[in-house]
$ cat work30.pdb   # PDB, C-alpha atoms
ATOM      1  CA  MET A   3      20.026 -36.046   4.577
ATOM      2  CA  MET A   4      20.946 -32.989   2.628
ATOM      3  CA  GLU A   5      24.378 -31.622   1.975
ATOM      4  CA  LEU A   6      25.570 -28.386   0.425
ATOM      5  CA  ARG A   7      29.150 -28.469  -0.782
ATOM      6  CA  GLU A   8      30.786 -25.096  -1.433
ATOM      7  CA  LEU A   9      27.614 -24.006  -3.151
ATOM      8  CA  THR A  10      28.229 -20.819  -5.118
ATOM      9  CA  LYS A  11      26.024 -18.709  -7.371
ATOM     10  CA  ARG A  12      26.918 -15.454  -9.101
ATOM     11  CA  TYR A  13      24.595 -13.084 -10.881
ATOM     12  CA  GLY A  14      26.924 -10.953 -12.973
ATOM     13  CA  ASP A  15      29.566  -9.652 -10.548
ATOM     14  CA  ARG A  16      27.267  -9.982  -7.547
ATOM     15  CA  VAL A  17      27.779 -13.144  -5.527
ATOM     16  CA  ALA A  18      24.406 -14.403  -4.280
ATOM     17  CA  VAL A  19      25.679 -17.541  -2.561
ATOM     18  CA  ASP A  20      29.342 -17.826  -1.679
ATOM     19  CA  GLY A  21      30.944 -21.185  -0.914
ATOM     20  CA  LEU A  22      28.136 -22.407   1.306
ATOM     21  CA  SER A  23      28.864 -25.778   2.924
ATOM     22  CA  VAL A  24      26.235 -27.163   5.260
ATOM     23  CA  ARG A  25      24.965 -30.569   6.298
ATOM     24  CA  VAL A  26      21.291 -30.628   7.192
ATOM     25  CA  GLN A  27      20.584 -33.520   9.521
ATOM     26  CA  PRO A  28      17.458 -35.654   9.610
ATOM     27  CA  GLY A  29      15.341 -35.893  12.737
ATOM     28  CA  VAL A  30      15.275 -32.213  13.650
ATOM     29  CA  VAL A  31      13.884 -29.009  12.177
ATOM     30  CA  THR A  32      16.704 -26.872  10.824
ATOM     31  CA  GLY A  33      15.972 -23.165  10.526
ATOM     32  CA  PHE A  34      17.566 -21.217   7.699
ATOM     33  CA  LEU A  35      17.968 -17.588   8.729
ATOM     34  CA  GLY A  36      19.396 -14.517   7.086
ATOM     35  CA  PRO A  37      18.493 -10.927   6.280
ATOM     36  CA  ASN A  38      16.583 -10.115   3.099
ATOM     37  CA  GLY A  39      18.760 -10.717   0.057
ATOM     38  CA  SER A  40      21.180 -12.980   1.911
ATOM     39  CA  GLY A  41      20.754 -15.834  -0.559
ATOM     40  CA  LYS A  42      18.220 -18.043   1.208
ATOM     41  CA  SER A  43      15.865 -18.405  -1.738
ATOM     42  CA  THR A  44      18.715 -18.788  -4.240
ATOM     43  CA  THR A  45      20.114 -21.607  -2.099
ATOM     44  CA  MET A  46      16.706 -23.291  -1.991
ATOM     45  CA  ARG A  47      16.383 -22.947  -5.765
ATOM     46  CA  MET A  48      19.793 -24.525  -6.326
ATOM     47  CA  ILE A  49      18.925 -27.454  -4.059
ATOM     48  CA  LEU A  50      15.856 -28.045  -6.252
ATOM     49  CA  GLY A  51      17.759 -27.726  -9.519
ATOM     50  CA  LEU A  52      15.914 -24.530 -10.502
ATOM     51  CA  ASP A  53      19.192 -22.589 -10.596
ATOM     52  CA  ALA A  54      22.503 -24.072 -11.647
ATOM     53  CA  PRO A  55      25.325 -23.481  -9.159
ATOM     54  CA  ASP A  56      28.473 -21.848 -10.590
ATOM     55  CA  HIS A  57      30.529 -23.985  -8.253
ATOM     56  CA  GLY A  58      29.885 -26.755  -5.770
ATOM     57  CA  ALA A  59      26.858 -28.980  -5.415
ATOM     58  CA  ALA A  60      23.666 -29.497  -3.470
ATOM     59  CA  LEU A  61      23.084 -33.168  -2.737
ATOM     60  CA  ILE A  62      19.990 -34.914  -1.470
ATOM     61  CA  ASP A  63      20.670 -38.403  -0.151
ATOM     62  CA  GLY A  64      23.981 -38.126  -1.996
ATOM     63  CA  VAL A  65      22.713 -37.117  -5.459
ATOM     64  CA  PRO A  66      21.736 -33.844  -7.125
ATOM     65  CA  TYR A  67      17.995 -33.186  -7.448
ATOM     66  CA  ARG A  68      17.791 -33.877 -11.163
ATOM     67  CA  GLU A  69      19.182 -37.390 -10.713
ATOM     68  CA  LEU A  70      16.549 -38.434  -8.183
ATOM     69  CA  GLU A  71      14.442 -41.383  -9.279
ATOM     70  CA  TRP A  72      11.152 -39.908  -8.007
ATOM     71  CA  PRO A  73      11.818 -36.281  -7.053
ATOM     72  CA  LEU A  74       8.448 -35.574  -5.405
ATOM     73  CA  ARG A  75       8.730 -38.706  -3.284
ATOM     74  CA  THR A  76      12.201 -37.726  -2.095
ATOM     75  CA  VAL A  77      12.004 -33.957  -1.628
ATOM     76  CA  GLY A  78       8.933 -31.898  -0.852
ATOM     77  CA  ALA A  79       9.245 -28.180  -1.391
ATOM     78  CA  LEU A  80       7.254 -25.023  -0.837
ATOM     79  CA  LEU A  81       8.897 -22.047  -2.508
ATOM     80  CA  ASP A  82       6.028 -19.882  -3.661
ATOM     81  CA  ALA A  83       2.518 -20.315  -2.315
ATOM     82  CA  GLY A  84       1.067 -18.729  -5.456
ATOM     83  CA  ALA A  85       2.499 -21.316  -7.828
ATOM     84  CA  PHE A  86      -0.745 -22.756  -9.140
ATOM     85  CA  HIS A  87      -3.251 -22.064 -11.908
ATOM     86  CA  PRO A  88      -5.980 -19.888 -10.336
ATOM     87  CA  GLY A  89      -8.694 -21.662 -12.321
ATOM     88  CA  ARG A  90      -7.811 -25.164 -11.197
ATOM     89  CA  SER A  91      -9.209 -26.629  -7.979
ATOM     90  CA  GLY A  92      -6.871 -27.446  -5.133
ATOM     91  CA  ARG A  93      -7.643 -31.125  -5.616
ATOM     92  CA  ALA A  94      -6.918 -31.055  -9.367
ATOM     93  CA  HIS A  95      -3.646 -29.217  -8.723
ATOM     94  CA  LEU A  96      -2.538 -31.950  -6.331
ATOM     95  CA  THR A  97      -3.861 -34.777  -8.515
ATOM     96  CA  ALA A  98      -1.878 -33.551 -11.535
ATOM     97  CA  LEU A  99       1.327 -33.312  -9.517
ATOM     98  CA  ALA A 100       0.672 -36.739  -8.008
ATOM     99  CA  ALA A 101       0.307 -38.232 -11.506
ATOM    100  CA  SER A 102       3.739 -36.908 -12.478
ATOM    101  CA  ASN A 103       5.369 -39.112  -9.857
ATOM    102  CA  ASP A 104       2.969 -42.090  -9.806
ATOM    103  CA  ILE A 105       1.623 -41.080  -6.402
ATOM    104  CA  PRO A 106      -1.800 -42.712  -5.759
ATOM    105  CA  GLY A 107      -4.945 -40.564  -5.649
ATOM    106  CA  THR A 108      -5.656 -41.659  -2.085
ATOM    107  CA  ARG A 109      -2.582 -39.726  -1.018
ATOM    108  CA  VAL A 110      -4.149 -36.531  -2.419
ATOM    109  CA  GLU A 111      -7.136 -36.880  -0.065
ATOM    110  CA  GLN A 112      -4.752 -37.671   2.782
ATOM    111  CA  VAL A 113      -2.694 -34.494   2.390
ATOM    112  CA  LEU A 114      -5.856 -32.424   1.895
ATOM    113  CA  ARG A 115      -7.012 -33.670   5.296
ATOM    114  CA  THR A 116      -3.603 -32.988   6.859
ATOM    115  CA  VAL A 117      -3.618 -29.345   5.758
ATOM    116  CA  GLY A 118      -7.336 -28.903   6.434
ATOM    117  CA  LEU A 119      -8.404 -28.142   2.871
ATOM    118  CA  THR A 120     -10.807 -31.066   2.303
ATOM    119  CA  GLU A 121     -13.853 -28.765   2.377
ATOM    120  CA  ALA A 122     -12.286 -26.288  -0.048
ATOM    121  CA  ALA A 123     -10.640 -28.863  -2.326
ATOM    122  CA  SER A 124     -13.198 -28.548  -5.137
ATOM    123  CA  ARG A 125     -13.057 -24.765  -5.216
ATOM    124  CA  ARG A 126     -10.870 -22.961  -7.712
ATOM    125  CA  ALA A 127      -7.533 -22.223  -6.042
ATOM    126  CA  GLY A 128      -7.710 -18.603  -7.199
ATOM    127  CA  THR A 129     -10.497 -18.043  -4.672
ATOM    128  CA  TYR A 130      -8.327 -19.214  -1.742
ATOM    129  CA  SER A 131      -7.148 -16.812   0.950
ATOM    130  CA  LEU A 132      -3.414 -16.323   1.490
ATOM    131  CA  GLY A 133      -3.466 -18.779   4.381
ATOM    132  CA  MET A 134      -5.248 -21.408   2.273
ATOM    133  CA  ARG A 135      -2.737 -20.932  -0.561
ATOM    134  CA  GLN A 136       0.052 -21.492   1.929
ATOM    135  CA  ARG A 137      -1.703 -24.674   3.107
ATOM    136  CA  LEU A 138      -2.068 -25.869  -0.481
ATOM    137  CA  GLY A 139       1.669 -25.300  -0.911
ATOM    138  CA  VAL A 140       2.349 -27.371   2.188
ATOM    139  CA  ALA A 141       0.061 -30.093   0.785
ATOM    140  CA  VAL A 142       2.167 -30.152  -2.400
ATOM    141  CA  ALA A 143       5.333 -30.497  -0.326
ATOM    142  CA  LEU A 144       3.852 -33.396   1.654
ATOM    143  CA  LEU A 145       2.305 -35.092  -1.392
ATOM    144  CA  GLY A 146       5.042 -37.632  -2.057
ATOM    145  CA  ASP A 147       5.596 -38.428   1.646
ATOM    146  CA  PRO A 148       9.196 -37.248   1.175
ATOM    147  CA  GLY A 149      12.113 -37.737   3.542
ATOM    148  CA  VAL A 150      13.383 -34.215   2.903
ATOM    149  CA  LEU A 151      11.249 -31.083   3.191
ATOM    150  CA  LEU A 152      12.255 -27.601   2.052
ATOM    151  CA  LEU A 153       9.973 -24.769   3.000
ATOM    152  CA  ASP A 154      10.609 -21.145   2.114
ATOM    153  CA  GLU A 155       8.780 -18.838   4.543
ATOM    154  CA  PRO A 156       5.908 -21.247   5.262
ATOM    155  CA  VAL A 157       4.323 -19.088   7.973
ATOM    156  CA  ASN A 158       3.755 -16.119   5.630
ATOM    157  CA  GLY A 159       0.067 -15.315   5.575
ATOM    158  CA  LEU A 160      -0.945 -17.859   8.187
ATOM    159  CA  ASP A 161      -3.118 -16.816  11.131
ATOM    160  CA  PRO A 162      -2.051 -17.629  14.723
ATOM    161  CA  GLU A 163      -3.870 -20.970  14.586
ATOM    162  CA  GLY A 164      -2.142 -21.745  11.275
ATOM    163  CA  ILE A 165       1.261 -20.795  12.636
ATOM    164  CA  ARG A 166       0.849 -23.136  15.575
ATOM    165  CA  TRP A 167      -0.418 -25.852  13.244
ATOM    166  CA  ILE A 168       2.605 -25.628  10.942
ATOM    167  CA  ARG A 169       4.982 -25.507  13.903
ATOM    168  CA  ASP A 170       3.554 -28.745  15.285
ATOM    169  CA  LEU A 171       3.421 -30.298  11.820
ATOM    170  CA  LEU A 172       7.092 -29.563  11.078
ATOM    171  CA  ARG A 173       8.250 -30.792  14.465
ATOM    172  CA  GLY A 174       6.178 -33.933  14.030
ATOM    173  CA  LEU A 175       7.617 -34.578  10.554
ATOM    174  CA  ALA A 176      11.154 -34.135  11.879
ATOM    175  CA  ALA A 177      10.419 -36.465  14.788
ATOM    176  CA  GLU A 178       9.535 -39.133  12.209
ATOM    177  CA  GLY A 179      13.149 -38.933  11.053
ATOM    178  CA  ARG A 180      12.720 -36.552   8.136
ATOM    179  CA  THR A 181      15.062 -33.741   7.196
ATOM    180  CA  VAL A 182      13.161 -30.472   7.580
ATOM    181  CA  PHE A 183      14.786 -27.282   6.297
ATOM    182  CA  VAL A 184      12.769 -24.104   6.844
ATOM    183  CA  SER A 185      13.774 -20.600   5.861
ATOM    184  CA  SER A 186      12.349 -17.604   7.635
ATOM    185  CA  HIS A 187      13.195 -14.157   8.775
ATOM    186  CA  LEU A 188      10.879 -14.419  11.756
ATOM    187  CA  ILE A 189      13.414 -15.190  14.467
ATOM    188  CA  ALA A 190      10.888 -15.600  17.249
ATOM    189  CA  GLU A 191       9.031 -18.175  15.152
ATOM    190  CA  MET A 192      12.243 -20.060  14.383
ATOM    191  CA  ALA A 193      13.102 -20.146  18.090
ATOM    192  CA  LEU A 194       9.868 -22.064  18.670
ATOM    193  CA  THR A 195      10.021 -24.331  15.625
ATOM    194  CA  ALA A 196      13.636 -25.153  14.898
ATOM    195  CA  HIS A 197      16.227 -27.082  16.825
ATOM    196  CA  ARG A 198      19.238 -26.349  14.667
ATOM    197  CA  LEU A 199      19.971 -23.095  12.867
ATOM    198  CA  VAL A 200      21.903 -22.182   9.761
ATOM    199  CA  VAL A 201      22.503 -18.438   9.553
ATOM    200  CA  ILE A 202      23.767 -16.828   6.356
ATOM    201  CA  GLY A 203      24.478 -13.265   5.272
ATOM    202  CA  ARG A 204      25.520 -12.061   1.825
ATOM    203  CA  GLY A 205      25.590 -15.689   0.737
ATOM    204  CA  ARG A 206      28.132 -16.792   3.332
ATOM    205  CA  LEU A 207      27.683 -19.110   6.270
ATOM    206  CA  LEU A 208      27.705 -17.073   9.492
ATOM    207  CA  ALA A 209      26.762 -19.767  11.958
ATOM    208  CA  GLU A 210      25.718 -23.385  12.080
ATOM    209  CA  THR A 211      24.489 -24.044  15.558
ATOM    210  CA  THR A 212      21.516 -24.934  17.712
ATOM    211  CA  VAL A 213      18.858 -22.487  18.821
ATOM    212  CA  ALA A 214      19.846 -23.028  22.473
ATOM    213  CA  GLU A 215      23.553 -22.348  21.863
ATOM    214  CA  LEU A 216      22.950 -19.237  19.842
ATOM    215  CA  ALA A 217      20.472 -17.796  22.324
ATOM    216  CA  ALA A 218      22.792 -18.580  25.250
ATOM    217  CA  ALA A 219      25.602 -16.457  23.795
ATOM    218  CA  ASP A 220      23.457 -13.326  23.958
ATOM    219  CA  ASP A 221      20.438 -12.378  25.990
ATOM    220  CA  ASN A 222      18.072 -13.702  23.384
ATOM    221  CA  LEU A 223      17.987 -15.102  19.918
ATOM    222  CA  GLU A 224      17.090 -11.807  18.276
ATOM    223  CA  ASP A 225      20.143 -10.043  19.718
ATOM    224  CA  ALA A 226      22.296 -12.977  18.677
ATOM    225  CA  PHE A 227      20.919 -12.762  15.154
ATOM    226  CA  PHE A 228      21.648  -9.030  14.929
ATOM    227  CA  ARG A 229      25.172  -9.548  16.253
ATOM    228  CA  LEU A 230      25.790 -12.164  13.566
ATOM    229  CA  THR A 231      24.284 -10.258  10.690
ATOM    230  CA  SER A 232      25.257  -6.670  11.604
ATOM    231  CA  GLN A 233      28.067  -6.610   9.058
ATOM    232  CA  VAL A 234      26.190  -8.190   6.212
ATOM    233  CA  THR A 235      22.895  -6.351   5.961
ATOM    234  CA  ASP A 236      22.543  -4.613   2.628
ATOM    235  CA  TYR A 237      20.161  -1.901   3.744
ATOM    236  CA  ARG A 238      18.780  -0.674   6.994
ATOM    237  CA  GLY A 239      16.127   1.851   7.962
ATOM    238  CA  THR A 240      16.522   4.545  10.587
ATOM    239  CA  GLU A 241      14.083   5.953  13.105
ATOM    240  CA  ALA A 242      11.476   8.311  11.715
ATOM    241  CA  SER A 243      12.521  11.947  12.045
TER     242      SER A 243
ATOM    243  CA  MET B1386      18.060 -42.793 -12.785
ATOM    244  CA  ASN B1387      14.705 -41.064 -13.180
ATOM    245  CA  GLY B1388      11.702 -43.288 -12.576
ATOM    246  CA  TYR B1389       9.313 -40.928 -14.322
ATOM    247  CA  GLY B1390       8.953 -40.533 -18.052
ATOM    248  CA  PHE B1391       6.549 -39.798 -20.856
ATOM    249  CA  ARG B1392       3.675 -41.804 -19.343
ATOM    250  CA  GLN B1393       3.712 -39.800 -16.106
ATOM    251  CA  ALA B1394       4.079 -36.487 -17.940
ATOM    252  CA  ALA B1395       1.201 -37.323 -20.296
ATOM    253  CA  ARG B1396      -1.098 -38.261 -17.396
ATOM    254  CA  MET B1397      -0.241 -35.052 -15.575
ATOM    255  CA  GLU B1398      -0.872 -32.914 -18.658
ATOM    256  CA  TRP B1399      -4.184 -34.663 -19.302
ATOM    257  CA  ILE B1400      -5.363 -33.937 -15.754
ATOM    258  CA  LYS B1401      -4.177 -30.341 -16.073
ATOM    259  CA  LEU B1402      -5.988 -29.939 -19.391
ATOM    260  CA  ARG B1403      -9.359 -31.204 -18.239
ATOM    261  CA  SER B1404      -9.295 -29.448 -14.869
ATOM    262  CA  VAL B1405      -9.626 -25.892 -16.185
ATOM    263  CA  ARG B1406     -12.877 -24.448 -17.517
ATOM    264  CA  SER B1407     -11.325 -22.794 -20.570
ATOM    265  CA  THR B1408     -10.700 -26.220 -22.145
ATOM    266  CA  TRP B1409     -14.393 -27.094 -22.063
ATOM    267  CA  TRP B1410     -15.561 -23.639 -23.132
ATOM    268  CA  LEU B1411     -13.259 -23.742 -26.150
ATOM    269  CA  ALA B1412     -14.280 -27.273 -27.106
ATOM    270  CA  ILE B1413     -17.984 -26.386 -26.815
ATOM    271  CA  ALA B1414     -17.452 -23.129 -28.701
ATOM    272  CA  ALA B1415     -15.672 -24.970 -31.532
ATOM    273  CA  VAL B1416     -18.529 -27.469 -31.962
ATOM    274  CA  ALA B1417     -21.257 -24.850 -31.522
ATOM    275  CA  SER B1418     -19.741 -22.321 -33.911
ATOM    276  CA  MET B1419     -19.211 -24.903 -36.643
ATOM    277  CA  THR B1420     -22.738 -26.256 -36.272
ATOM    278  CA  ALA B1421     -24.256 -22.778 -36.199
ATOM    279  CA  SER B1422     -22.323 -21.664 -39.298
ATOM    280  CA  GLY B1423     -23.345 -24.800 -41.174
ATOM    281  CA  ILE B1424     -27.010 -24.323 -40.292
ATOM    282  CA  GLY B1425     -26.894 -20.595 -41.058
ATOM    283  CA  VAL B1426     -25.312 -20.959 -44.463
ATOM    284  CA  GLY B1427     -27.608 -23.896 -45.231
ATOM    285  CA  LEU B1428     -30.701 -21.819 -44.415
ATOM    286  CA  GLY B1429     -29.390 -18.999 -46.582
ATOM    287  CA  TYR B1430     -29.120 -21.404 -49.517
ATOM    288  CA  ARG B1431     -32.709 -22.664 -49.309
ATOM    289  CA  SER B1432     -33.978 -20.122 -51.818
ATOM    290  CA  HIS B1433     -30.908 -20.524 -54.019
ATOM    291  CA  THR B1434     -31.583 -21.239 -57.698
ATOM    292  CA  PRO B1435     -30.660 -23.464 -59.304
ATOM    293  CA  VAL B1436     -30.982 -25.925 -56.407
ATOM    294  CA  ALA B1437     -27.633 -26.515 -54.663
ATOM    295  CA  THR B1438     -25.663 -29.571 -55.725
ATOM    296  CA  THR B1439     -24.553 -32.235 -53.212
ATOM    297  CA  ALA B1440     -21.038 -30.840 -53.359
ATOM    298  CA  GLN B1441     -22.306 -27.343 -52.524
ATOM    299  CA  ILE B1442     -24.396 -28.625 -49.623
ATOM    300  CA  LEU B1443     -21.368 -30.438 -48.257
ATOM    301  CA  ASN B1444     -19.243 -27.328 -48.692
ATOM    302  CA  ASN B1445     -21.841 -25.152 -46.966
ATOM    303  CA  SER B1446     -22.226 -27.490 -44.030
ATOM    304  CA  LEU B1447     -18.485 -27.262 -43.403
ATOM    305  CA  SER B1448     -18.394 -23.478 -43.688
ATOM    306  CA  GLY B1449     -17.736 -23.095 -39.935
ATOM    307  CA  ALA B1450     -14.661 -25.347 -40.049
ATOM    308  CA  ILE B1451     -12.158 -22.483 -40.306
ATOM    309  CA  LEU B1452     -13.647 -20.758 -37.262
ATOM    310  CA  ALA B1453     -13.643 -24.032 -35.340
ATOM    311  CA  GLN B1454     -10.021 -24.596 -36.347
ATOM    312  CA  LEU B1455      -9.046 -21.212 -34.909
ATOM    313  CA  LEU B1456     -10.757 -22.070 -31.617
ATOM    314  CA  LEU B1457      -9.105 -25.488 -31.497
ATOM    315  CA  GLY B1458      -5.795 -23.770 -32.271
ATOM    316  CA  ALA B1459      -6.347 -21.549 -29.225
ATOM    317  CA  LEU B1460      -7.037 -24.709 -27.216
ATOM    318  CA  GLY B1461      -3.750 -26.130 -28.468
ATOM    319  CA  VAL B1462      -1.905 -22.996 -27.342
ATOM    320  CA  LEU B1463      -3.463 -23.299 -23.880
ATOM    321  CA  MET B1464      -2.524 -26.967 -23.772
ATOM    322  CA  VAL B1465       1.180 -26.440 -24.419
ATOM    323  CA  THR B1466       1.488 -23.323 -22.255
ATOM    324  CA  GLY B1467      -0.791 -24.285 -19.343
TER     325      GLY B1467
END

$ encode --input "work30.pdb" --output "structure tokens"
Amino acid sequence: MMELRELTKRYGDRVAVDGLSVRVQPGVVTGFLGPNGSGKSTTMRMILGLDAPDHGAALIDGVPYRELEWPLRTVGALLDAGAFHPGRSGRAHLTALAASNDIPGTRVEQVLRTVGLTEAASRRAGTYSLGMRQRLGVAVALLGDPGVLLLDEPVNGLDPEGIRWIRDLLRGLAAEGRTVFVSSHLIAEMALTAHRLVVIGRGRLLAETTVAELAAADDNLEDAFFRLTSQVTDYRGTEAS
Amino acid sequence: MNGYGFRQAARMEWIKLRSVRSTWWLAIAAVASMTASGIGVGLGYRSHTPVATTAQILNNSLSGAILAQLLLGALGVLMVTG
């Protein structure tokens, strides 16, 4: 279970996240939608203790991230698929992280198999394709077998097979009773993956609903998303002239 | 309460240190450069008159130590920043 209580973050006089209160339930995939710059990544960073909120709190199983006994075994996160040393092998990257939380080495081989990187595990991670980097990031998130998963744009760079794989993986993890919180701006992908949706714009909560409810209000989910976010998009292109 | 502490951090850093090639290259370079300097200076002293004293031989053999120290210093920088 994850709970955001009036989470607020300001950068100078710009409010990135504004009084965001959400409960993310276990057992289903919750999609986290919003236009670019709406505060999705800042919210994720605050949940993980990488940014300090100016007001409010982000609680995981009732405590802030930094008070967790074994953070990697409680929360798995993928924020940036490039967050590794390019000269270190995928296996060494995972083994080092596992050591930090007393996770056994057998678990490293397990997650490598889950994400399909066993063959490439001894190669330097800098030689990985974008899709493989994304898979390594997912492996890091799964490493501690955590009950809460936070994934920021996990389908970026994945091929169609990879997209289907991660969709099934996330739904499977949620079905095991985990809390799965996935940000994306690919609405069509969220419609297939998520059950619940949290939509924000300019740091404020616009809707907390299910995919079915939101899509039912308009013709489709994309129209519903545009209706919700039409007032809060910071910039917008026009047709070519 | 955090379950992890110094032991976990030390193990992680040790794995991180030995899993990049630069660590080994620097360690090898430190040993090789010190050995090579010692041998080189020693060879240069063979024709030295009067014959080198024990203290001079010892000093010559360690002539690469400063270079090796610089390389090990670079290794230390990589260790704390990597």

$ interface_residues --input "work30.pdb" --of "chain B" --to "chain A" --cutoff "12 Å" --atoms "all atoms listed in the file" --output "list in words"
Met1386, Asn1387, Gly1388, Tyr1389, Gly1390, Phe1391, Arg1392, Gln1393, Ala1394, Ala1395, Arg1396, Met1397, Glu1398, Trp1399, Ile1400, Lys1401, Leu1402, Arg1403, Ser1404, Val1405, Arg1406, Ser1407, Thr1408, Thr1466 and Gly1467 of chain B

$ closest_residue --input "work30.pdb" --among "A:Val77, A:Met4, A:Leu216, A:Val234" --to "A:Gly39" --atoms "all atoms listed in the file"
A:Val234

$ resolve_selection --input "work30.pdb" --expression "the PyMOL selection byres ((chain A and resi 24) around 9)" --output "JSON, numbers by chain"
{"A": [4, 5, 6, 7, 8, 22, 23, 25, 26, 200, 207, 210]}

$ resolve_selection --input "work30.pdb" --expression "the PyMOL selection byres ((chain A and resi 193) around 10)" --output "list of chain:residue names"
A:Gly33, A:Leu188, A:Ile189, A:Ala190, A:Glu191, A:Met192, A:Leu194, A:Thr195, A:Ala196, A:His197, A:Arg198, A:Leu199, A:Thr212, A:Val213, A:Ala214, A:Ala217, A:Asn222, A:Leu223, A:Glu224

$ write_last_selection --input "work30.pdb" --atoms "C-alpha atoms" --output "mmCIF file, keeping the file's coordinate frame"
data_model
loop_
_atom_site.group_PDB
_atom_site.id
_atom_site.type_symbol
_atom_site.label_atom_id
_atom_site.label_comp_id
_atom_site.auth_asym_id
_atom_site.auth_seq_id
_atom_site.Cartn_x
_atom_site.Cartn_y
_atom_site.Cartn_z
ATOM 1 C CA GLY A 33 15.972 -23.165 10.526
ATOM 2 C CA LEU A 188 10.879 -14.419 11.756
ATOM 3 C CA ILE A 189 13.414 -15.190 14.467
ATOM 4 C CA ALA A 190 10.888 -15.600 17.249
ATOM 5 C CA GLU A 191 9.031 -18.175 15.152
ATOM 6 C CA MET A 192 12.243 -20.060 14.383
ATOM 7 C CA LEU A 194 9.868 -22.064 18.670
ATOM 8 C CA THR A 195 10.021 -24.331 15.625
ATOM 9 C CA ALA A 196 13.636 -25.153 14.898
ATOM 10 C CA HIS A 197 16.227 -27.082 16.825
ATOM 11 C CA ARG A 198 19.238 -26.349 14.667
ATOM 12 C CA LEU A 199 19.971 -23.095 12.867
ATOM 13 C CA THR A 212 21.516 -24.934 17.712
ATOM 14 C CA VAL A 213 18.858 -22.487 18.821
ATOM 15 C CA ALA A 214 19.846 -23.028 22.473
ATOM 16 C CA ALA A 217 20.472 -17.796 22.324
ATOM 17 C CA ASN A 222 18.072 -13.702 23.384
ATOM 18 C CA LEU A 223 17.987 -15.102 19.918
ATOM 19 C CA GLU A 224 17.090 -11.807 18.276
#

$ resolve_selection --input "work30.pdb" --expression "the PyMOL selection byres ((chain B and resi 1440-1447) around 10)" --output "PDB file with C-alpha atoms, in the coordinates of the input"
ATOM      1  CA  MET B1419     -19.211 -24.903 -36.643  1.00  0.00           C
ATOM      2  CA  THR B1420     -22.738 -26.256 -36.272  1.00  0.00           C
ATOM      3  CA  ALA B1421     -24.256 -22.778 -36.199  1.00  0.00           C
ATOM      4  CA  SER B1422     -22.323 -21.664 -39.298  1.00  0.00           C
ATOM      5  CA  GLY B1423     -23.345 -24.800 -41.174  1.00  0.00           C
ATOM      6  CA  ILE B1424     -27.010 -24.323 -40.292  1.00  0.00           C
ATOM      7  CA  GLY B1425     -26.894 -20.595 -41.058  1.00  0.00           C
ATOM      8  CA  VAL B1426     -25.312 -20.959 -44.463  1.00  0.00           C
ATOM      9  CA  GLY B1427     -27.608 -23.896 -45.231  1.00  0.00           C
ATOM     10  CA  LEU B1428     -30.701 -21.819 -44.415  1.00  0.00           C
ATOM     11  CA  GLY B1429     -29.390 -18.999 -46.582  1.00  0.00           C
ATOM     12  CA  TYR B1430     -29.120 -21.404 -49.517  1.00  0.00           C
ATOM     13  CA  VAL B1436     -30.982 -25.925 -56.407  1.00  0.00           C
ATOM     14  CA  ALA B1437     -27.633 -26.515 -54.663  1.00  0.00           C
ATOM     15  CA  THR B1438     -25.663 -29.571 -55.725  1.00  0.00           C
ATOM     16  CA  THR B1439     -24.553 -32.235 -53.212  1.00  0.00           C
ATOM     17  CA  SER B1448     -18.394 -23.478 -43.688  1.00  0.00           C
ATOM     18  CA  GLY B1449     -17.736 -23.095 -39.935  1.00  0.00           C
ATOM     19  CA  ALA B1450     -14.661 -25.347 -40.049  1.00  0.00           C
ATOM     20  CA  ILE B1451     -12.158 -22.483 -40.306  1.00  0.00           C
ATOM     21  CA  ALA B1453     -13.643 -24.032 -35.340  1.00  0.00           C
TER      22      ALA B1453
END

$ closest_residue --input "work30.pdb" --among "A:Tyr13, A:Phe34, A:Trp167, A:Phe86" --to "A:Val117" --atoms "only C-alpha atoms"
A:Trp167

$ decode --input "work30.pdb" --residues "stretch 190-208 of chain A" --atoms "C-alpha atoms" --output "short mmCIF file (atom, residue, chain, number, x, y, z; two decimals), in the first residue's frame"
data_model
loop_
_atom_site.label_atom_id
_atom_site.label_comp_id
_atom_site.auth_asym_id
_atom_site.auth_seq_id
_atom_site.Cartn_x
_atom_site.Cartn_y
_atom_site.Cartn_z
CA ALA A 190 -3.39 3.53 -25.26
CA GLU A 191 -0.76 1.48 -23.44
CA MET A 192 -2.19 2.42 -20.04
CA ALA A 193 -5.66 1.39 -21.20
CA LEU A 194 -4.30 -2.11 -21.78
CA THR A 195 -2.10 -2.36 -18.69
CA ALA A 196 -3.74 -0.47 -15.87
CA HIS A 197 -6.95 -1.01 -13.98
CA ARG A 198 -6.99 2.17 -11.95
CA LEU A 199 -5.80 5.58 -13.10
CA VAL A 200 -4.43 8.62 -11.34
CA VAL A 201 -4.40 11.65 -13.63
CA ILE A 202 -2.51 14.81 -12.69
CA GLY A 203 -1.86 18.13 -14.39
CA ARG A 204 0.33 20.97 -13.16
CA GLY A 205 0.94 18.95 -10.01
CA ARG A 206 -2.72 18.67 -9.05
CA LEU A 207 -4.93 15.62 -8.94
CA LEU A 208 -7.39 15.75 -11.85
#
